[in-house]
Each structure stands twice: as C-alpha cells, then as structure tokens.
$ cat structure.txt   # compact mmCIF, C-alpha atoms
# COMPACT_ATOMS: atom_id res chain seq x y z
CA THR A 1 -15.17 28.30 -4.43
CA PHE A 2 -17.80 30.31 -6.35
CA ILE A 3 -20.85 28.88 -4.57
CA PRO A 4 -19.49 29.05 -0.98
CA LEU A 5 -18.13 32.57 -1.40
CA LEU A 6 -21.31 33.81 -3.10
CA LEU A 7 -23.43 32.30 -0.31
CA GLY A 8 -21.16 33.59 2.44
CA LEU A 9 -20.89 37.09 1.01
CA ALA A 10 -24.64 37.28 0.41
CA ARG A 11 -25.34 36.10 3.98
CA ALA A 12 -22.91 38.74 5.31
CA GLY A 13 -24.67 41.48 3.31
CA GLY A 14 -21.77 42.10 0.95
CA VAL A 15 -23.72 41.37 -2.25
CA GLU A 16 -27.25 40.67 -3.39
CA PRO A 17 -27.39 37.07 -4.73
CA VAL A 18 -29.46 37.64 -7.88
CA PRO A 19 -27.38 40.48 -9.42
CA ALA A 20 -24.17 38.71 -8.34
CA LEU A 21 -25.20 35.49 -10.12
CA PHE A 22 -26.49 37.33 -13.19
CA TRP A 23 -23.31 39.37 -13.66
CA ALA A 24 -21.09 36.35 -13.07
CA GLY A 25 -22.91 34.70 -15.96
CA ALA A 26 -22.53 37.81 -18.10
CA PHE A 27 -18.79 37.82 -17.36
CA ASN A 28 -18.61 34.16 -18.46
CA VAL A 29 -20.30 35.06 -21.73
CA LEU A 30 -17.92 37.96 -22.34
CA GLY A 31 -14.93 35.72 -21.61
CA GLY A 32 -16.16 33.05 -23.99
CA LEU A 33 -16.60 35.65 -26.73
CA THR A 34 -13.17 37.21 -26.08
CA TRP A 35 -11.10 34.01 -26.07
CA ASP A 36 -11.95 30.67 -27.58
CA ALA A 37 -10.83 28.99 -24.37
CA PRO A 38 -12.55 27.88 -21.12
CA MET A 39 -11.48 30.99 -19.19
CA CYS A 40 -13.13 30.83 -15.79
CA VAL A 41 -14.76 33.64 -13.85
CA GLN A 42 -14.20 33.35 -10.12
CA PRO A 43 -14.62 35.65 -7.12
CA MET A 44 -11.76 37.89 -6.07
CA LYS A 45 -10.98 35.69 -3.09
CA THR A 46 -9.28 38.30 -0.91
CA ILE A 47 -12.17 40.76 -1.26
CA ALA A 48 -14.73 37.99 -0.70
CA ALA A 49 -12.89 36.61 2.33
CA VAL A 50 -12.47 40.07 3.87
CA GLY A 51 -16.13 40.84 3.17
CA ILE A 52 -17.23 37.66 4.95
CA ALA A 53 -14.73 37.68 7.84
CA GLU A 54 -14.64 41.43 8.51
CA GLY A 55 -18.17 42.37 7.49
CA LEU A 56 -17.69 44.75 4.57
CA SER A 57 -20.85 46.47 3.38
CA SER A 58 -22.13 46.01 -0.15
CA GLN A 59 -20.88 49.51 -0.99
CA GLN A 60 -17.40 48.67 0.30
CA VAL A 61 -17.31 45.37 -1.61
CA ALA A 62 -18.31 47.14 -4.84
CA LEU A 63 -15.74 49.89 -4.30
CA ALA A 64 -13.00 47.36 -3.55
CA GLY A 65 -13.73 45.51 -6.79
CA MET A 66 -13.74 48.73 -8.80
CA MET A 67 -10.52 50.01 -7.21
CA THR A 68 -8.64 46.76 -7.77
CA SER A 69 -9.89 46.54 -11.33
CA ALA A 70 -9.00 50.13 -12.14
CA MET A 71 -5.44 49.52 -10.94
CA VAL A 72 -5.20 46.25 -12.89
CA LEU A 73 -6.58 47.95 -16.01
CA LEU A 74 -4.02 50.77 -15.80
CA LEU A 75 -1.17 48.34 -15.15
CA GLY A 76 -2.26 46.12 -18.01
CA ALA A 77 -2.62 48.99 -20.46
CA SER A 78 0.84 50.27 -19.55
CA SER A 79 2.42 46.79 -19.55
CA ALA A 80 3.53 47.36 -15.93
CA ILE A 81 1.59 44.37 -14.63
CA LEU A 82 4.68 42.16 -14.48
CA LEU A 83 6.59 44.83 -12.55
CA VAL A 84 4.02 44.83 -9.75
CA ALA A 85 4.12 41.05 -9.62
CA ARG A 86 7.89 41.24 -9.08
CA LEU A 87 7.80 44.06 -6.50
CA VAL A 88 5.46 42.33 -4.03
CA PRO A 89 7.31 39.39 -2.43
CA ASP A 90 5.67 36.03 -2.96
CA ALA A 91 5.98 35.35 0.78
CA VAL A 92 3.71 38.33 1.55
CA VAL A 93 1.06 37.12 -0.89
CA ARG A 94 1.21 33.57 0.50
CA GLY A 95 1.06 34.90 4.05
CA MET A 96 -2.04 36.95 3.31
CA GLN A 97 -3.67 33.91 1.72
CA LEU A 98 -2.81 31.83 4.80
CA GLY A 99 -4.19 34.42 7.22
CA LEU A 100 -7.32 35.10 5.18
CA GLY A 101 -7.95 31.39 4.71
CA MET A 102 -7.75 30.82 8.45
CA SER A 103 -10.11 33.77 9.06
CA LEU A 104 -12.60 32.33 6.59
CA ALA A 105 -12.32 28.88 8.16
CA LEU A 106 -12.94 30.35 11.62
CA LYS A 107 -16.00 32.15 10.26
CA GLY A 108 -17.26 28.82 8.97
CA CYS A 109 -16.74 27.20 12.38
CA ALA A 110 -18.62 30.08 14.02
CA LEU A 111 -21.57 29.54 11.68
CA ILE A 112 -21.66 25.83 12.55
CA ALA A 113 -21.80 26.64 16.27
CA ALA A 114 -24.22 29.58 16.00
CA ASP A 115 -27.75 29.29 17.38
CA THR A 116 -30.44 29.08 14.68
CA PRO A 117 -33.80 29.46 16.46
CA HIS A 118 -35.79 29.74 13.22
CA ALA A 119 -34.31 26.65 11.57
CA LEU A 120 -35.90 23.23 11.26
CA PRO A 121 -36.31 21.60 14.71
CA PRO A 122 -33.33 19.20 14.32
CA LEU A 123 -31.05 22.16 13.53
CA GLN A 124 -32.18 24.19 16.55
CA THR A 125 -30.10 22.06 18.92
CA ALA A 126 -26.32 22.00 19.13
CA GLY A 127 -26.31 18.24 18.62
CA GLY A 128 -28.37 18.51 15.45
CA ARG A 129 -26.17 21.27 14.01
CA TYR A 130 -22.99 19.33 14.73
CA ALA A 131 -24.48 16.13 13.29
CA VAL A 132 -25.37 17.89 10.01
CA ALA A 133 -21.99 19.62 9.87
CA GLY A 134 -20.15 16.38 10.69
CA THR A 135 -22.01 14.50 7.95
CA ALA A 136 -21.22 17.25 5.44
CA LEU A 137 -17.59 17.29 6.56
CA CYS A 138 -17.28 13.53 6.06
CA PHE A 139 -18.89 13.80 2.63
CA VAL A 140 -16.46 16.50 1.48
CA LEU A 141 -13.46 14.52 2.75
CA ALA A 142 -14.72 11.35 1.05
CA SER A 143 -15.36 13.22 -2.20
CA ARG A 144 -11.81 14.53 -2.17
CA HIS A 145 -10.45 11.02 -1.83
CA ALA A 146 -12.72 9.98 -4.70
CA GLY A 147 -11.21 12.64 -7.00
CA GLU A 148 -11.93 16.11 -8.33
CA ARG A 149 -14.87 14.96 -10.44
CA VAL A 150 -17.19 14.68 -7.41
CA PRO A 151 -18.96 18.09 -7.19
CA SER A 152 -19.01 18.37 -3.41
CA ALA A 153 -19.84 22.09 -3.28
CA LEU A 154 -22.73 21.70 -5.75
CA THR A 155 -24.02 18.68 -3.85
CA LEU A 156 -23.97 20.49 -0.49
CA PHE A 157 -25.62 23.50 -2.11
CA SER A 158 -28.40 21.30 -3.52
CA VAL A 159 -28.98 19.63 -0.14
CA GLY A 160 -28.97 23.04 1.53
CA VAL A 161 -31.57 24.37 -0.90
CA LEU A 162 -33.83 21.38 -0.15
CA LEU A 163 -33.45 21.93 3.59
CA ALA A 164 -34.09 25.65 3.13
CA ALA A 165 -37.28 24.86 1.21
CA GLY A 166 -38.31 22.54 4.05
CA GLN A 167 -37.63 25.25 6.61
CA LEU A 168 -39.76 27.77 4.69
CA ALA A 169 -42.58 25.23 4.40
CA TYR A 170 -42.33 24.39 8.12
CA ALA A 171 -42.50 28.09 9.01
CA GLY A 172 -45.43 28.63 6.65
CA GLU A 173 -43.51 31.12 4.55
CA PRO A 174 -44.37 30.81 0.84
CA VAL A 175 -41.60 30.85 -1.75
CA ARG A 176 -42.60 33.82 -3.87
CA PHE A 177 -41.98 33.66 -7.59
CA ARG A 178 -41.55 37.39 -7.92
CA PRO A 179 -39.21 39.09 -10.38
CA VAL A 180 -35.96 40.43 -8.95
CA ALA A 181 -33.95 42.99 -10.89
CA PRO A 182 -30.68 41.52 -12.19
CA ALA A 183 -28.97 44.86 -11.58
CA LEU A 184 -29.12 47.35 -8.74
CA TRP A 185 -27.17 50.48 -7.87
CA ALA A 186 -24.60 49.33 -5.31
CA LEU A 187 -22.93 52.68 -4.57
CA SER A 188 -25.78 54.54 -2.89
CA GLY A 189 -24.69 56.42 0.22
CA VAL A 190 -20.98 55.88 -0.33
CA ASP A 191 -18.74 58.15 1.75
CA GLY A 192 -15.06 58.63 2.45
CA THR A 193 -15.00 56.01 5.19
CA ASP A 194 -16.31 53.39 2.77
CA ALA A 195 -13.69 54.32 0.18
CA THR A 196 -10.84 54.24 2.72
CA ARG A 197 -11.79 50.87 4.15
CA ALA A 198 -12.38 49.37 0.71
CA LEU A 199 -8.96 50.53 -0.47
CA LEU A 200 -6.87 49.60 2.58
CA ASP A 201 -8.59 46.43 3.77
CA ALA A 202 -9.58 44.82 0.48
CA ALA A 203 -8.41 46.44 -2.79
CA LEU A 204 -4.69 46.80 -2.04
CA PRO A 205 -4.39 43.30 -0.49
CA GLN A 206 -6.25 41.87 -3.51
CA LEU A 207 -4.01 43.58 -6.08
CA PRO A 208 -0.90 41.34 -5.84
CA LEU A 209 -3.04 38.19 -5.84
CA THR A 210 -4.85 39.39 -8.95
CA THR A 211 -1.65 40.25 -10.79
CA LEU A 212 -0.02 36.92 -9.91
CA ASN A 213 -2.88 34.44 -10.20
CA SER A 214 -5.44 36.17 -12.38
CA VAL A 215 -3.08 37.62 -14.96
CA VAL A 216 0.44 36.17 -14.94
CA SER A 217 -0.31 32.56 -13.94
CA VAL A 218 -3.47 32.19 -16.01
CA CYS A 219 -1.62 33.36 -19.14
CA HIS A 220 1.14 30.82 -18.60
CA LEU A 221 -1.41 28.05 -18.11
CA ALA A 222 -3.50 29.14 -21.11
CA LYS A 223 -0.43 28.90 -23.36
CA GLN A 224 -0.14 25.25 -22.33
CA LEU A 225 -3.82 24.30 -22.46
CA ALA A 226 -5.15 26.54 -25.25
CA PRO A 227 -2.25 28.09 -27.19
CA GLU A 228 -4.48 28.96 -30.14
CA ALA A 229 -6.59 31.31 -27.94
CA LYS A 230 -3.70 33.82 -27.65
CA VAL A 231 -4.40 34.81 -24.05
CA THR A 232 -2.03 37.69 -23.21
CA PRO A 233 -1.38 39.54 -19.91
CA ARG A 234 -2.66 42.78 -21.43
CA SER A 235 -5.93 41.24 -22.65
CA VAL A 236 -6.57 39.49 -19.31
CA ALA A 237 -5.76 42.64 -17.30
CA CYS A 238 -8.09 44.68 -19.49
CA SER A 239 -10.80 42.04 -19.14
CA VAL A 240 -10.55 41.98 -15.32
CA GLY A 241 -10.61 45.77 -15.23
CA LEU A 242 -13.52 46.30 -17.58
CA ILE A 243 -15.89 43.61 -16.31
CA ASN A 244 -15.70 44.87 -12.73
CA LEU A 245 -15.83 48.56 -13.59
CA LEU A 246 -18.94 47.72 -15.61
CA GLY A 247 -20.60 45.29 -13.21
CA CYS A 248 -19.65 46.20 -9.62
CA PRO A 249 -21.61 49.49 -9.58
CA PHE A 250 -24.69 47.43 -10.50
CA GLY A 251 -24.40 44.63 -7.95
CA ALA A 252 -21.78 42.27 -9.39
CA MET A 253 -19.52 40.36 -7.04
CA PRO A 254 -15.89 41.35 -7.75
CA CYS A 255 -14.57 38.70 -10.13
CA CYS A 256 -11.40 37.79 -11.99
CA HIS A 257 -9.93 35.02 -14.09
CA GLY A 258 -7.81 32.41 -12.36
CA ALA A 259 -5.35 29.64 -13.14
CA GLY A 260 -7.04 27.21 -10.75
CA GLY A 261 -10.44 27.69 -12.36
CA LEU A 262 -9.02 27.29 -15.86
CA ALA A 263 -7.25 24.09 -14.84
CA ALA A 264 -10.40 22.72 -13.19
CA GLN A 265 -12.62 23.45 -16.20
CA HIS A 266 -10.04 21.87 -18.51
CA ALA A 267 -9.92 18.82 -16.23
CA PHE A 268 -13.71 18.46 -16.54
CA GLY A 269 -13.46 18.39 -20.34
CA ALA A 270 -13.93 22.07 -21.35
CA ARG A 271 -11.76 22.96 -24.33
CA ARG A 272 -13.36 25.88 -26.16
CA GLY A 273 -15.07 29.16 -25.37
CA VAL A 274 -18.51 27.66 -26.04
CA SER A 275 -18.29 25.83 -22.69
CA VAL A 276 -18.18 29.06 -20.68
CA LEU A 277 -20.77 30.62 -22.98
CA PHE A 278 -23.13 27.82 -21.98
CA LEU A 279 -22.21 28.14 -18.29
CA GLY A 280 -22.72 31.90 -18.36
CA GLY A 281 -26.07 31.60 -20.10
CA CYS A 282 -27.26 29.11 -17.47
CA LYS A 283 -26.26 31.46 -14.64
CA MET A 284 -28.07 34.39 -16.24
CA LEU A 285 -31.22 32.35 -16.92
CA LEU A 286 -31.20 30.98 -13.37
CA ALA A 287 -30.93 34.49 -11.93
CA LEU A 288 -33.74 35.80 -14.12
CA ALA A 289 -36.09 32.84 -13.78
CA LEU A 290 -35.63 32.03 -10.09
CA GLY A 291 -34.74 35.42 -8.65
CA GLY A 292 -37.48 35.56 -6.00
CA PRO A 293 -37.18 31.97 -4.78
CA LEU A 294 -33.38 32.27 -4.84
CA VAL A 295 -33.47 35.17 -2.39
CA SER A 296 -35.86 33.31 -0.06
CA LEU A 297 -33.94 30.05 -0.20
CA LEU A 298 -30.55 31.64 0.38
CA GLY A 299 -31.98 33.51 3.36
CA ALA A 300 -33.06 30.18 4.88
CA PHE A 301 -29.93 28.23 3.84
CA PRO A 302 -28.81 26.03 6.78
CA ALA A 303 -25.96 27.67 8.68
CA PRO A 304 -24.12 24.37 9.43
CA LEU A 305 -23.85 23.52 5.72
CA LEU A 306 -22.73 27.03 4.82
CA GLY A 307 -20.22 26.84 7.66
CA VAL A 308 -18.70 23.63 6.27
CA MET A 309 -18.52 25.16 2.78
CA LEU A 310 -16.77 28.27 4.11
CA LEU A 311 -14.47 26.10 6.24
CA PHE A 312 -13.21 24.23 3.19
CA SER A 313 -13.03 27.40 1.11
CA GLY A 314 -10.81 28.84 3.82
CA VAL A 315 -8.68 25.71 3.83
CA GLU A 316 -8.27 25.94 0.05
CA LEU A 317 -7.17 29.56 0.34
CA ALA A 318 -4.82 28.81 3.24
CA ARG A 319 -3.19 25.88 1.42
CA ALA A 320 -1.17 28.37 -0.60
CA GLY A 321 0.60 29.31 2.62
CA VAL A 322 1.84 25.75 3.04
CA ARG A 323 4.31 26.47 0.23
CA LEU A 324 6.08 28.84 2.61
CA ALA A 325 7.73 25.85 4.23
CA ALA A 326 9.71 25.19 1.04
CA ALA A 327 10.57 28.86 0.39
CA GLY A 328 13.40 29.13 2.90
CA GLU A 329 13.53 30.26 6.51
CA GLU A 330 13.50 34.01 5.78
CA ALA A 331 10.55 33.85 3.37
CA ALA A 332 8.66 31.55 5.74
CA THR A 333 9.16 34.01 8.60
CA VAL A 334 7.87 36.92 6.50
CA GLY A 335 4.88 34.88 5.40
CA LEU A 336 3.99 33.73 8.90
CA VAL A 337 4.28 37.28 10.29
CA THR A 338 1.98 38.45 7.49
CA ALA A 339 -0.48 35.66 8.20
CA ALA A 340 -0.50 36.39 11.95
CA ALA A 341 -1.07 40.12 11.38
CA THR A 342 -3.81 39.39 8.84
CA LEU A 343 -5.56 36.97 11.17
CA SER A 344 -5.30 39.00 14.38
CA LEU A 345 -5.58 42.55 13.03
CA ARG A 346 -6.97 43.42 9.59
CA THR A 347 -6.02 42.43 6.08
CA GLY A 348 -4.63 45.83 5.10
CA VAL A 349 -2.49 45.92 8.24
CA GLY A 350 -1.27 42.38 7.55
CA CYS A 351 -0.20 43.36 4.05
CA ALA A 352 1.66 46.42 5.35
CA VAL A 353 3.36 44.40 8.10
CA GLY A 354 4.46 41.81 5.57
CA LEU A 355 5.97 44.40 3.26
CA LEU A 356 7.85 45.98 6.18
CA ALA A 357 9.08 42.60 7.37

$ encode --input "structure.txt" --output "structure tokens"
Amino acid sequence: TFIPLLLGLARAGGVEPVPALFWAGAFNVLGGLTWDAPMCVQPMKTIAAVGIAEGLSSQQVALAGMMTSAMVLLLGASSAILLVARLVPDAVVRGMQLGLGMSLALKGCALIAADTPHALPPLQTAGGRYAVAGTALCFVLASRHAGERVPSALTLFSVGVLLAAGQLAYAGEPVRFRPVAPALWALSGVDGTDATRALLDAALPQLPLTTLNSVVSVCHLAKQLAPEAKVTPRSVACSVGLINLLGCPFGAMPCCHGAGGLAAQHAFGARRGVSVLFLGGCKMLLALALGGPLVSLLGAFPAPLLGVMLLFSGVELARAGVRLAAAGEEAATVGLVTAAATLSLRTGVGCAVGLLA
C-alpha cells in the first residue's frame, strides 16, 4: 500500500512526494540498523486514508503523525502499550478500518470518473478513462490469482509514470531535472484548528491501530520469523515514536512498522536487516536523484490508474472488517455502527460512536 497511499496523499496535498520518499527510505535504514530483521516501514493507514478521503492539509497530516507517535512513545516507555490495546475493543478498530477502507475505495472510484481535460486525448473521454481503469482492474485481479509475487502496484505505477511522461511530452512541458530538497518545514502556519482536527480526526483513530498492528502484532510475528532479532514492544513503540517526531516536521509521511509488511517482505525472501537497508538506500537515492522529474511525473499521473490503486488499497483496509462476521452478533453490530459513522460522518466521530456503542 506504500505507493498508492503516497501517490494519493501527494495528489491530495497532504505530503510532498520527494521528502516523503526520502524519509521513508531513512526510516528503512534506521530499522535495518536497529534490528537485524526485515522490519517494514509503511504508512499510518488511518492518517493516510483520512488525509486522502477528507482532505487534510500537509500541516494536519504532519501534526497527526507527531501526535500519534508521541502517544505511542509515552505508552511504550511506560510499558502501558498493551493496556491501551486491551481497552479499545477490537470491533471498534475493525469497524474504523472497514469505514475508512470504503471511504478510500469511493475516493478511488471518484478519481476514475473525474474529468481530466489536460490528460492525453484518450483519457479525456469517459470511455477512455473507463477502458484504462477496467484494464488495470483486470490486471490487478489476475495478478492476485497468480499469487503475491506479482508486483501489481509497482507495475501500475511504472505504467502510470510512462503515461505521465507521454502527457508531459504531448503538452510540451519539459521534465526538469532540478534539485528538490529532501526535507522541508511542514508546520508553517499551524494554528489551533489544525491541531484539533489532526488530533480528533486522525491521531486518536490511528492510535489503537498502531498499538495493535504496529507494535503488538508485529512483535508476535517477529518472534516467529526472526527470533534472534529480539524485537520487543518497547523497542518498536520507541522506534515508531522517534522516527515520526524526527521526520514529520520535515515532510515525512507518518509511518509505522506493521505485521503485514513484515510478513510480505519475509515471503519475498528477506531475512536480515540488510534487505531493508538496501531498500531504504534505494528510496533515498531515488528521491535525491530524481526529485524534480518525480514531482512533475506525479503531478501528471493518470487519474484512472491512481483511482484503481486507491480502490484496491481501500479494499485491503476494509477486508479487516470482514472478520466482524466471525466475532459474534454484538461485536459485529458495534463494528458496523462504527463503520457507518466513519463513512458518513468523520473518522473521529466514528471512533467515538464505536466506543459509546
């Protein structure tokens, strides 16, 4: 989900792509140096989904990442991280994921249907947009049947970059190889409204997901896949807290570690920390070497392809809500009420409604 969420959040104005990519690589490097295990770095999905679906500003996204991370850091240092994971019902977390996933999927559908007057001629018509989106949709579905080793997101991203380059050439806009700073101050002009919205709509809803998936679950999985790395809840909580408190003020996309990412990297053959060191170095070099073209190409990235990528990212996030069906009638009701409130109102309201239910 890294590529679709980075693209979607950058298109929505929630992050700048070059600093976000650079800091994600730096976080990979720090993770590889901290643990000799393929610990992934992935976006904080709730914050990213809220930023895309509800249009958070870059200041609000940065504040949300810093607030969540500060809370995780304090909880990890005090060993209270497990207590928070127990206090927030699993049904509320699953319901938020279901509602946010549906919101993200709807955003993707809206992008597919949106008019794009400055795109390549075939993409300026509804038929052309739907044909491209339908082809991409069929490819992703076929790649899933073929197995996890088919990099569908990377393939769609590569095709989108080629189409974006074609669009720039068609419009006579040169791709400028100009340096772009890998860090920028993301908190300029922050006021109380930004802080309130970041806290209520993004940081607090993200907190239980971070404690469950990015701390508790990833530690359990690491003990199975890399027991010699000694990944502990306190070390993971401190890592999540420190990397975002360091990077978010300077343009990083809020990130965390996750069980799904660790499992995926292990499935693709990664076994030691050197694998994420290499991945992080590549991200940082790509951001530094192709900063200018990256900004231009992402600005011209075809909306139908981005829509399909966001659609499937939303589906992946919403799939967690499917587990509500096996959690019992009461838990399923709480989860569905949370999902409905999250989808129809706002994420912070959905979380509050779920806790009250």

$ closest_residue --input "structure.txt" --among "A:Leu286, A:Met39, A:Leu73, A:Ile47" --to "Val231 in chain A" --atoms "all atoms listed in the file"
A:Met39

$ atom_distance --input "structure.txt" --atom1 "CA of Gly189 in chain A" --atom2 "CA of Val15 in chain A"
15.3 Å

$ closest_residue --input "structure.txt" --among "A:Tyr130, A:Phe301, A:Phe312, A:Phe157" --to "Ile3 in chain A" --atoms "only C-alpha atoms"
A:Phe157

$ atom_distance --input "structure.txt" --atom1 "CA of Leu209 in chain A" --atom2 "CA of Met96 in chain A"
9.3 Å

$ closest_residue --input "structure.txt" --among "A:Gly273, A:Gly99, A:Gly51, A:Pro205" --to "Gly13 in chain A" --atoms "all atoms listed in the file"
A:Gly51

$ closest_residue --input "structure.txt" --among "A:Ala49, A:Leu212, A:Leu279, A:Cys248" --to "Met102 in chain A" --atoms "only C-alpha atoms"
A:Ala49

$ atom_distance --input "structure.txt" --atom1 "CA of Ala339 in chain A" --atom2 "CA of Gly95 in chain A"
4.5 Å

$ closest_residue --input "structure.txt" --among "A:Ala357, A:Leu262, A:Ala146, A:Val18" --to "Gln224 in chain A" --atoms "all atoms listed in the file"
A:Leu262

$ residues_around --input "structure.txt" --residues "Val236 in chain A" --least-positions-apart "2" --cutoff "9 Å" --atoms "only C-alpha atoms" --output "VMD selection string"
chain A and resid 76 214 to 216 218 to 219 231 to 234 238 to 241 256 to 257

$ closest_residue --input "structure.txt" --among "A:Glu54, A:Asp115, A:Glu16, A:Glu329" --to "Thr342 in chain A" --atoms "all atoms listed in the file"
A:Glu54
